[in-house]
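Notes follow once the structure below has been shown.
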Amino acid sequence: MEKLTVDDVRNEVNPLQVHEIRRPVSDELGTDHVAMNYFELAPGDSFSGGLHRHHDQEEIFHIQEGTAVFEVGKQREEVTVAAGEVIRFAPGEFQMGYAAERAGNRVTGWAIGAPGATHDWSQLESMIACRECDEEQPHATELVEGRFRFTCTECGAEFEM
């Protein structure tokens with residue numbers, strides 16, 4: 001059995017610095033089969049930083065406070081999720097969530113992923129404007145020495161952020 005308070009979990013910010021507070025609760029609990037991350041987002045802050053998909057993991061977001069907006073699919077359909085609501089994304093479904101940009105809208109909520117406790121980076125793709133193809137393409141996504149490395153799945157061009 002493991003027990004803790006969210007405030008005792010270290011803050012681990014995305015390398016793209018798209019949010020101020022992300023607490024990887026599942027790391028502290030030592031989970032093997034589920035990922036749990038607590039977030040506090042200021043207006044405009046993002047859970048992840050960009051449109052992406054996990055081929056091997058479904059994700060559920062529970063919004064405790066505030067209003068989040070999720071862009072879904074390559075067409076970026078907008079779905080609003082209010083306090084007390086949840087949204088699920090199937091494996092392979094492109095999504096990106098952020099706090100709606102309006103004064104005073106602070107979002108607190110949870111991102112829960114399964115079946116793994118951590119990302120399998122070989123199963124993650126991000127939609128990014130390719131610097132060679134000159135259009136938005138899926139990119140393989142890796143975390144290398146604290147930076148993201150993106151590789152276009154169409155032409156193989158690589159860059160880091």
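Identifiers in this document derive from the order of the structure tokens: chains are assigned A, B, ..., residues are numbered from 1 separately in each chain, and ligands are numbered from 1 in order of occurrence.
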
Q: Just list the residues in region 12-120 of chain A DSSP gives strand (DSSP E) on the backbone, as a PyMOL selection string.
A: chain A and resi 21-24+35-41+52-54+58-65+67-72+77-82+86-89+95-99+107-114

Can you list every residue of region 1-54 of chain A that has an atom at most 9 Å from region 90-107 of chain A, with its nearest atom pair and the distance in Å to one decimal, using only C-alpha atoms, ordered by chain then number, as JSON lines?
{"residue": "A:Phe39", "atom": "CA", "partner": "A:Val107", "partner_atom": "CA", "distance": 7.7}
{"residue": "A:Glu40", "atom": "CA", "partner": "A:Val107", "partner_atom": "CA", "distance": 5.6}
{"residue": "A:Leu41", "atom": "CA", "partner": "A:Val107", "partner_atom": "CA", "distance": 5.0}
{"residue": "A:Ala42", "atom": "CA", "partner": "A:Arg106", "partner_atom": "CA", "distance": 4.8}
{"residue": "A:Pro43", "atom": "CA", "partner": "A:Glu101", "partner_atom": "CA", "distance": 4.6}
{"residue": "A:Gly44", "atom": "CA", "partner": "A:Glu101", "partner_atom": "CA", "distance": 4.8}
{"residue": "A:Asp45", "atom": "CA", "partner": "A:Tyr98", "partner_atom": "CA", "distance": 5.5}
{"residue": "A:Ser46", "atom": "CA", "partner": "A:Tyr98", "partner_atom": "CA", "distance": 4.0}
{"residue": "A:Phe47", "atom": "CA", "partner": "A:Gly97", "partner_atom": "CA", "distance": 5.7}
{"residue": "A:Ser48", "atom": "CA", "partner": "A:Met96", "partner_atom": "CA", "distance": 6.8}
{"residue": "A:Gly49", "atom": "CA", "partner": "A:Met96", "partner_atom": "CA", "distance": 7.3}
{"residue": "A:Gly50", "atom": "CA", "partner": "A:Met96", "partner_atom": "CA", "distance": 5.7}
{"residue": "A:Leu51", "atom": "CA", "partner": "A:Met96", "partner_atom": "CA", "distance": 4.7}
{"residue": "A:His52", "atom": "CA", "partner": "A:Phe94", "partner_atom": "CA", "distance": 5.0}
{"residue": "A:Arg53", "atom": "CA", "partner": "A:Phe94", "partner_atom": "CA", "distance": 4.5}
{"residue": "A:His54", "atom": "CA", "partner": "A:Gly92", "partner_atom": "CA", "distance": 5.4}

Would you mind exporting the chosen residues as a compact mmCIF listing (two decimals), in the first residue's frame, restricted to C-alpha atoms?
# COMPACT_ATOMS: atom_id res chain seq x y z
CA PHE A 39 -2.18 19.32 -13.41
CA GLU A 40 -2.84 22.95 -12.59
CA LEU A 41 -3.10 25.07 -15.73
CA ALA A 42 -3.28 28.85 -16.10
CA PRO A 43 -5.42 30.21 -18.96
CA GLY A 44 -3.85 29.01 -22.25
CA ASP A 45 -1.55 26.45 -20.60
CA SER A 46 -1.53 22.96 -22.11
CA PHE A 47 -1.50 19.45 -20.66
CA SER A 48 1.04 18.27 -23.27
CA GLY A 49 2.07 21.02 -25.64
CA GLY A 50 0.74 19.69 -28.92
CA LEU A 51 -1.56 17.41 -30.86
CA HIS A 52 -0.37 13.84 -30.25
CA ARG A 53 -1.46 10.23 -29.98
CA HIS A 54 -0.42 7.16 -28.04

**Q.** Who sits within 8 Å of Glu132 (chain A), only C-alpha atoms, same chain under 2 positions skipped, as a ChimeraX atom specification
**A.** /A:130,134,155,157

Those same residues, written as an mmCIF file, in the first residue's frame with C-alpha atoms?
data_model
loop_
_atom_site.group_PDB
_atom_site.id
_atom_site.type_symbol
_atom_site.label_atom_id
_atom_site.label_comp_id
_atom_site.auth_asym_id
_atom_site.auth_seq_id
_atom_site.Cartn_x
_atom_site.Cartn_y
_atom_site.Cartn_z
ATOM 1 C CA CYS A 130 7.462 19.250 -41.001
ATOM 2 C CA ASP A 134 6.247 21.954 -45.561
ATOM 3 C CA CYS A 155 10.367 12.088 -45.057
ATOM 4 C CA ALA A 157 13.542 14.847 -41.259
#

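From CA of Arg76 (chain A) back to CA of Val144 (chain A), the distance works out to 27.6 Å.
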
Q: Rounded to one decimal place, report the CA of Val25 (chain A)-CA of Asn37 (chain A) distance in Å.
A: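 Interatomic distance here is 5.5 Å.
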
Output as a PDB file with C-alpha atoms, in the first residue's frame all residues of chain A that backbone DSSP marks as helix (DSSP H, G or I).
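What follows is the written file part-v2.pdb:
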ATOM      1  CA  VAL A   6      -0.618  15.458  -4.190  1.00  0.00           C
ATOM      2  CA  ASP A   7       1.267  18.449  -2.758  1.00  0.00           C
ATOM      3  CA  ASP A   8       4.079  16.100  -1.655  1.00  0.00           C
ATOM      4  CA  VAL A  25       1.580  10.886  -8.951  1.00  0.00           C
ATOM      5  CA  SER A  26       1.982   7.397 -10.438  1.00  0.00           C
ATOM      6  CA  ASP A  27       5.792   7.721 -10.227  1.00  0.00           C
ATOM      7  CA  GLU A  28       5.574   8.411  -6.494  1.00  0.00           C
ATOM      8  CA  LEU A  29       3.081   5.581  -5.964  1.00  0.00           C
ATOM      9  CA  TRP A 121       8.131   6.608 -26.629  1.00  0.00           C
ATOM     10  CA  SER A 122       8.153   4.325 -29.685  1.00  0.00           C
ATOM     11  CA  GLN A 123       4.331   4.402 -29.540  1.00  0.00           C
TER      12      GLN A 123
END

Q: Might you pull out every residue within 12 Å of Glu154 (chain A), with only C-alpha atoms counted and same-chain residues fewer than 5 positions away left off, and present them as a ChimeraX atom specification?
A: /A:127-140
